[in-house]
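Colleague: target.txt is reproduced in full below (compact mmCIF, N, CA and C atoms).
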# COMPACT_ATOMS: atom_id res chain seq x y z
N MET A 1 -113.73 64.07 24.46
CA MET A 1 -114.81 63.57 23.62
C MET A 1 -114.55 62.10 23.28
N THR A 2 -115.60 61.33 23.33
CA THR A 2 -115.47 59.93 22.97
C THR A 2 -115.73 59.77 21.47
N ILE A 3 -115.33 58.64 20.96
CA ILE A 3 -115.53 58.33 19.54
C ILE A 3 -117.03 58.31 19.23
N ARG A 4 -117.81 57.79 20.14
CA ARG A 4 -119.26 57.71 19.92
C ARG A 4 -119.87 59.10 19.80
N LYS A 5 -119.45 60.02 20.68
CA LYS A 5 -119.98 61.38 20.64
C LYS A 5 -119.57 62.09 19.35
N ILE A 6 -118.34 61.88 18.92
CA ILE A 6 -117.87 62.48 17.66
C ILE A 6 -118.68 61.95 16.49
N PHE A 7 -118.90 60.64 16.46
CA PHE A 7 -119.69 60.03 15.39
C PHE A 7 -121.11 60.59 15.36
N ILE A 8 -121.70 60.74 16.52
CA ILE A 8 -123.07 61.26 16.59
C ILE A 8 -123.13 62.70 16.12
N ILE A 9 -122.17 63.53 16.54
CA ILE A 9 -122.16 64.94 16.14
C ILE A 9 -122.03 65.07 14.62
N VAL A 10 -121.09 64.34 14.03
CA VAL A 10 -120.88 64.45 12.58
C VAL A 10 -122.07 63.87 11.82
N THR A 11 -122.64 62.78 12.30
CA THR A 11 -123.79 62.18 11.63
C THR A 11 -125.01 63.10 11.68
N VAL A 12 -125.27 63.70 12.82
CA VAL A 12 -126.41 64.62 12.94
C VAL A 12 -126.20 65.84 12.04
N ALA A 13 -124.97 66.35 12.00
CA ALA A 13 -124.69 67.50 11.13
C ALA A 13 -124.89 67.13 9.65
N ALA A 14 -124.45 65.93 9.26
CA ALA A 14 -124.63 65.50 7.87
C ALA A 14 -126.11 65.30 7.54
N LEU A 15 -126.87 64.75 8.47
CA LEU A 15 -128.30 64.56 8.23
C LEU A 15 -129.05 65.88 8.18
N ALA A 16 -128.64 66.83 9.02
CA ALA A 16 -129.25 68.16 8.95
C ALA A 16 -128.93 68.82 7.60
N GLY A 17 -127.69 68.64 7.13
CA GLY A 17 -127.32 69.16 5.81
C GLY A 17 -128.11 68.48 4.70
N LEU A 18 -128.34 67.18 4.83
CA LEU A 18 -129.15 66.44 3.86
C LEU A 18 -130.56 67.01 3.78
N LEU A 19 -131.15 67.24 4.93
CA LEU A 19 -132.52 67.77 4.97
C LEU A 19 -132.58 69.18 4.38
N MET A 20 -131.69 70.05 4.82
CA MET A 20 -131.73 71.44 4.33
C MET A 20 -131.36 71.53 2.86
N GLY A 21 -130.35 70.77 2.43
CA GLY A 21 -129.97 70.79 1.02
C GLY A 21 -131.05 70.20 0.12
N GLY A 22 -131.69 69.13 0.58
CA GLY A 22 -132.78 68.54 -0.20
C GLY A 22 -133.97 69.47 -0.33
N LEU A 23 -134.31 70.15 0.77
CA LEU A 23 -135.41 71.11 0.71
C LEU A 23 -135.07 72.29 -0.20
N PHE A 24 -133.83 72.76 -0.12
CA PHE A 24 -133.41 73.85 -0.98
C PHE A 24 -133.44 73.43 -2.45
N GLY A 25 -132.94 72.24 -2.73
CA GLY A 25 -132.96 71.74 -4.11
C GLY A 25 -134.37 71.54 -4.62
N PHE A 26 -135.24 71.02 -3.78
CA PHE A 26 -136.64 70.83 -4.18
C PHE A 26 -137.29 72.17 -4.51
N ALA A 27 -137.07 73.17 -3.64
CA ALA A 27 -137.64 74.50 -3.89
C ALA A 27 -137.06 75.11 -5.16
N ALA A 28 -135.76 74.94 -5.37
CA ALA A 28 -135.14 75.49 -6.58
C ALA A 28 -135.66 74.79 -7.83
N GLY A 29 -135.85 73.48 -7.76
CA GLY A 29 -136.38 72.74 -8.90
C GLY A 29 -137.82 73.09 -9.21
N LYS A 30 -138.60 73.38 -8.17
CA LYS A 30 -140.00 73.77 -8.39
C LYS A 30 -140.11 75.18 -8.97
N MET A 31 -139.25 76.09 -8.51
CA MET A 31 -139.34 77.48 -8.97
C MET A 31 -138.78 77.67 -10.38
N THR A 32 -137.69 76.98 -10.69
CA THR A 32 -137.05 77.18 -11.99
C THR A 32 -136.72 75.84 -12.65
N PRO A 33 -137.72 75.09 -13.08
CA PRO A 33 -137.43 73.79 -13.69
C PRO A 33 -136.72 73.92 -15.04
N ASP A 34 -136.92 75.02 -15.75
CA ASP A 34 -136.25 75.18 -17.04
C ASP A 34 -134.74 75.31 -16.88
N PHE A 35 -134.29 75.90 -15.79
CA PHE A 35 -132.86 76.03 -15.54
C PHE A 35 -132.22 74.65 -15.43
N PHE A 36 -132.86 73.73 -14.72
CA PHE A 36 -132.30 72.40 -14.55
C PHE A 36 -132.46 71.54 -15.80
N ARG A 37 -133.40 71.85 -16.65
CA ARG A 37 -133.52 71.13 -17.92
C ARG A 37 -132.32 71.42 -18.82
N HIS A 38 -131.76 72.63 -18.72
CA HIS A 38 -130.58 72.98 -19.52
C HIS A 38 -129.31 72.34 -18.96
N ILE A 39 -129.25 72.09 -17.67
CA ILE A 39 -128.06 71.49 -17.06
C ILE A 39 -127.99 69.99 -17.35
N ILE A 40 -129.15 69.32 -17.34
CA ILE A 40 -129.20 67.87 -17.52
C ILE A 40 -129.03 67.55 -19.01
N PRO A 41 -128.00 66.78 -19.38
CA PRO A 41 -127.79 66.49 -20.81
C PRO A 41 -128.78 65.47 -21.38
N TRP A 42 -129.47 64.73 -20.57
CA TRP A 42 -130.44 63.76 -21.06
C TRP A 42 -131.84 64.23 -20.66
N GLN A 43 -132.84 63.78 -21.36
CA GLN A 43 -134.19 64.31 -21.17
C GLN A 43 -135.11 63.40 -20.36
N ASP A 44 -134.65 62.23 -19.95
CA ASP A 44 -135.53 61.31 -19.23
C ASP A 44 -135.47 61.49 -17.71
N VAL A 45 -134.81 62.54 -17.23
CA VAL A 45 -134.72 62.81 -15.79
C VAL A 45 -135.57 64.03 -15.46
N GLU A 46 -136.33 63.93 -14.40
CA GLU A 46 -137.18 65.04 -13.98
C GLU A 46 -136.31 66.13 -13.33
N PRO A 47 -136.50 67.39 -13.72
CA PRO A 47 -135.66 68.46 -13.18
C PRO A 47 -135.80 68.65 -11.67
N VAL A 48 -136.99 68.46 -11.12
CA VAL A 48 -137.18 68.64 -9.68
C VAL A 48 -136.43 67.55 -8.91
N GLY A 49 -136.50 66.33 -9.40
CA GLY A 49 -135.78 65.23 -8.77
C GLY A 49 -134.28 65.42 -8.83
N PHE A 50 -133.79 65.88 -9.98
CA PHE A 50 -132.35 66.14 -10.12
C PHE A 50 -131.90 67.24 -9.19
N ALA A 51 -132.69 68.31 -9.07
CA ALA A 51 -132.34 69.42 -8.19
C ALA A 51 -132.37 68.98 -6.73
N THR A 52 -133.35 68.16 -6.36
CA THR A 52 -133.43 67.66 -4.98
C THR A 52 -132.25 66.77 -4.66
N PHE A 53 -131.90 65.88 -5.58
CA PHE A 53 -130.76 64.98 -5.37
C PHE A 53 -129.46 65.77 -5.27
N GLY A 54 -129.27 66.73 -6.16
CA GLY A 54 -128.06 67.54 -6.13
C GLY A 54 -127.95 68.35 -4.85
N GLY A 55 -129.05 68.94 -4.41
CA GLY A 55 -129.04 69.70 -3.16
C GLY A 55 -128.77 68.83 -1.95
N ALA A 56 -129.38 67.65 -1.92
CA ALA A 56 -129.18 66.74 -0.80
C ALA A 56 -127.75 66.22 -0.76
N THR A 57 -127.18 65.92 -1.91
CA THR A 57 -125.80 65.45 -1.96
C THR A 57 -124.84 66.52 -1.46
N ALA A 58 -125.00 67.72 -1.95
CA ALA A 58 -124.14 68.82 -1.49
C ALA A 58 -124.38 69.09 0.00
N GLY A 59 -125.61 68.96 0.46
CA GLY A 59 -125.91 69.18 1.88
C GLY A 59 -125.23 68.18 2.78
N VAL A 60 -125.18 66.91 2.36
CA VAL A 60 -124.50 65.90 3.17
C VAL A 60 -123.01 66.21 3.26
N LEU A 61 -122.41 66.56 2.14
CA LEU A 61 -120.98 66.86 2.15
C LEU A 61 -120.67 68.10 2.99
N LEU A 62 -121.43 69.15 2.81
CA LEU A 62 -121.18 70.38 3.56
C LEU A 62 -121.54 70.24 5.04
N GLY A 63 -122.64 69.57 5.34
CA GLY A 63 -123.02 69.36 6.73
C GLY A 63 -122.03 68.47 7.47
N GLY A 64 -121.58 67.40 6.83
CA GLY A 64 -120.57 66.55 7.44
C GLY A 64 -119.26 67.28 7.65
N GLY A 65 -118.89 68.09 6.67
CA GLY A 65 -117.67 68.90 6.82
C GLY A 65 -117.78 69.90 7.95
N LEU A 66 -118.95 70.50 8.09
CA LEU A 66 -119.17 71.44 9.19
C LEU A 66 -119.13 70.72 10.54
N GLY A 67 -119.66 69.52 10.61
CA GLY A 67 -119.59 68.73 11.83
C GLY A 67 -118.15 68.38 12.19
N CYS A 68 -117.35 67.99 11.19
CA CYS A 68 -115.93 67.69 11.43
C CYS A 68 -115.19 68.93 11.89
N PHE A 69 -115.50 70.07 11.30
CA PHE A 69 -114.87 71.32 11.71
C PHE A 69 -115.23 71.66 13.15
N GLY A 70 -116.47 71.44 13.53
CA GLY A 70 -116.90 71.69 14.91
C GLY A 70 -116.17 70.80 15.90
N VAL A 71 -115.99 69.53 15.53
CA VAL A 71 -115.26 68.61 16.40
C VAL A 71 -113.80 69.04 16.52
N LEU A 72 -113.21 69.48 15.42
CA LEU A 72 -111.82 69.95 15.44
C LEU A 72 -111.66 71.18 16.33
N ILE A 73 -112.57 72.12 16.21
CA ILE A 73 -112.52 73.32 17.06
C ILE A 73 -112.70 72.95 18.53
N GLN A 74 -113.59 72.01 18.82
CA GLN A 74 -113.77 71.54 20.20
C GLN A 74 -112.50 70.90 20.73
N PHE A 75 -111.83 70.11 19.90
CA PHE A 75 -110.58 69.46 20.30
C PHE A 75 -109.50 70.49 20.60
N VAL A 76 -109.34 71.47 19.72
CA VAL A 76 -108.33 72.51 19.92
C VAL A 76 -108.65 73.32 21.17
N SER A 77 -109.92 73.63 21.38
CA SER A 77 -110.32 74.39 22.56
C SER A 77 -110.01 73.63 23.84
N GLU A 78 -110.31 72.35 23.89
CA GLU A 78 -110.01 71.55 25.07
C GLU A 78 -108.51 71.38 25.26
N PHE A 79 -107.78 71.25 24.18
CA PHE A 79 -106.33 71.06 24.26
C PHE A 79 -105.66 72.32 24.81
N ARG A 80 -106.12 73.49 24.39
CA ARG A 80 -105.53 74.74 24.86
C ARG A 80 -105.94 75.09 26.27
N ARG A 81 -107.09 74.61 26.71
CA ARG A 81 -107.59 74.90 28.05
C ARG A 81 -106.81 74.16 29.12
N LYS A 82 -106.39 72.94 28.84
CA LYS A 82 -105.65 72.15 29.83
C LYS A 82 -104.20 72.64 29.90
N PRO A 83 -103.68 72.82 31.14
CA PRO A 83 -102.29 73.32 31.26
C PRO A 83 -101.24 72.32 30.91
What does this structure look like when you write it as structure tokens?

Modeller:
Amino acid sequence: MTIRKIFIIVTVAALAGLLMGGLFGFAAGKMTPDFFRHIIPWQDVEPVGFATFGGATAGVLLGGGLGCFGVLIQFVSEFRRKP
């Protein structure tokens, strides 16, 4: 694997996590806005926006981590395959 391919794999995984986490956070904020009003200590932040931001942030971290794990598994697999 080249450095460029590794970068692309991890970046695409992080962006997919961003999209899925943001959508999940948006849906959670729309369905239960009162829950997020209790979590936010200040009142000038919209609960749907906070939930979307939190979901997207967690999605980037988890998606990027999953991409790194996939690259690591690919590396180990190629290393063990060669005699």

Colleague: So what do you get for atom CA of A:Phe53 versus atom CA of A:Cys68, distance-wise?

Modeller: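 It comes out at 22.6 Å.
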
Colleague: Could you check which of A:Met1, A:Ala16, A:Ile6, A:Asp34 is closest to A:Leu61, using only C-alpha atoms?

Modeller: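 Among the listed residues, the smallest separation from A:Leu61 belongs to A:Ala16.
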
Colleague: So which residues touch A:Ala13 within 8 Å, counting all atoms listed in the file, skipping near sequence neighbours fewer than 3 positions away, as a list of chain:residue names?

Modeller: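 Returned residues: A:Phe7, A:Ile8, A:Ile9, A:Val10, A:Ala16, A:Gly17, A:Leu18, A:Leu19, A:Gly59, A:Val60, A:Leu61, A:Leu62, A:Gly63, A:Gly64, A:Gly65, A:Leu66, A:Gly67, A:Cys68.
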
Colleague: To one decimal place, how far is atom C of A:Lys30 from atom C of A:Leu15 in Å?

Modeller: 22.4 Å

Colleague: Suppose you want the space between atom CA of A:Arg81 and atom CA of A:Val12; what is it in Å?

Modeller: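 Here the two named atoms are 26.2 Å from each other.
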
Colleague: Nearest to A:Gly29 among A:Thr52, A:Val45, A:Thr57, A:Thr11, with distances taken over all atoms listed in the file: which residue is it?

Modeller: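 Among the listed residues, A:Thr52 lies closest to A:Gly29.
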
Colleague: Can you report as AutoDock Vina command-line options the centre and edge lengths in Å, to one decimal, of an axis-aligned box around the listed atoms of stretch 6-17 of chain A padded with 4 Å on each side?

Modeller:
--center_x -123.6 --center_y 64.6 --center_z 11.8 --size_x 19.4 --size_y 17.1 --size_z 22.2

Colleague: Add whatever atoms are absent from stretch 26-41 of chain A to reach N, CA, C and O atoms, and provide the output as a compact mmCIF listing (two decimals), keeping the file's coordinate frame.

Modeller:
# COMPACT_ATOMS: atom_id res chain seq x y z
N PHE A 26 -135.24 71.02 -3.78
CA PHE A 26 -136.64 70.83 -4.18
C PHE A 26 -137.29 72.17 -4.51
O PHE A 26 -137.97 72.31 -5.53
N ALA A 27 -137.07 73.17 -3.64
CA ALA A 27 -137.64 74.50 -3.89
C ALA A 27 -137.06 75.11 -5.16
O ALA A 27 -137.79 75.70 -5.97
N ALA A 28 -135.76 74.94 -5.37
CA ALA A 28 -135.14 75.49 -6.58
C ALA A 28 -135.66 74.79 -7.83
O ALA A 28 -135.90 75.43 -8.86
N GLY A 29 -135.85 73.48 -7.76
CA GLY A 29 -136.38 72.74 -8.90
C GLY A 29 -137.82 73.09 -9.21
O GLY A 29 -138.25 73.07 -10.37
N LYS A 30 -138.60 73.38 -8.17
CA LYS A 30 -140.00 73.77 -8.39
C LYS A 30 -140.11 75.18 -8.97
O LYS A 30 -140.96 75.44 -9.81
N MET A 31 -139.25 76.09 -8.51
CA MET A 31 -139.34 77.48 -8.97
C MET A 31 -138.78 77.67 -10.38
O MET A 31 -139.32 78.45 -11.15
N THR A 32 -137.69 76.98 -10.69
CA THR A 32 -137.05 77.18 -11.99
C THR A 32 -136.72 75.84 -12.65
O THR A 32 -135.56 75.48 -12.81
N PRO A 33 -137.72 75.09 -13.08
CA PRO A 33 -137.43 73.79 -13.69
C PRO A 33 -136.72 73.92 -15.04
O PRO A 33 -135.96 73.03 -15.42
N ASP A 34 -136.92 75.02 -15.75
CA ASP A 34 -136.25 75.18 -17.04
C ASP A 34 -134.74 75.31 -16.88
O ASP A 34 -133.98 74.87 -17.75
N PHE A 35 -134.29 75.90 -15.79
CA PHE A 35 -132.86 76.03 -15.54
C PHE A 35 -132.22 74.65 -15.43
O PHE A 35 -131.16 74.39 -16.00
N PHE A 36 -132.86 73.73 -14.72
CA PHE A 36 -132.30 72.40 -14.55
C PHE A 36 -132.46 71.54 -15.80
O PHE A 36 -131.71 70.60 -15.99
N ARG A 37 -133.40 71.85 -16.65
CA ARG A 37 -133.52 71.13 -17.92
C ARG A 37 -132.32 71.42 -18.82
O ARG A 37 -131.91 70.58 -19.60
N HIS A 38 -131.76 72.63 -18.72
CA HIS A 38 -130.58 72.98 -19.52
C HIS A 38 -129.31 72.34 -18.96
O HIS A 38 -128.38 72.08 -19.72
N ILE A 39 -129.25 72.09 -17.67
CA ILE A 39 -128.06 71.49 -17.06
C ILE A 39 -127.99 69.99 -17.35
O ILE A 39 -126.92 69.44 -17.58
N ILE A 40 -129.15 69.32 -17.34
CA ILE A 40 -129.20 67.87 -17.52
C ILE A 40 -129.03 67.55 -19.01
O ILE A 40 -129.84 67.98 -19.83
N PRO A 41 -128.00 66.78 -19.38
CA PRO A 41 -127.79 66.49 -20.81
C PRO A 41 -128.78 65.47 -21.38
O PRO A 41 -128.91 65.37 -22.59
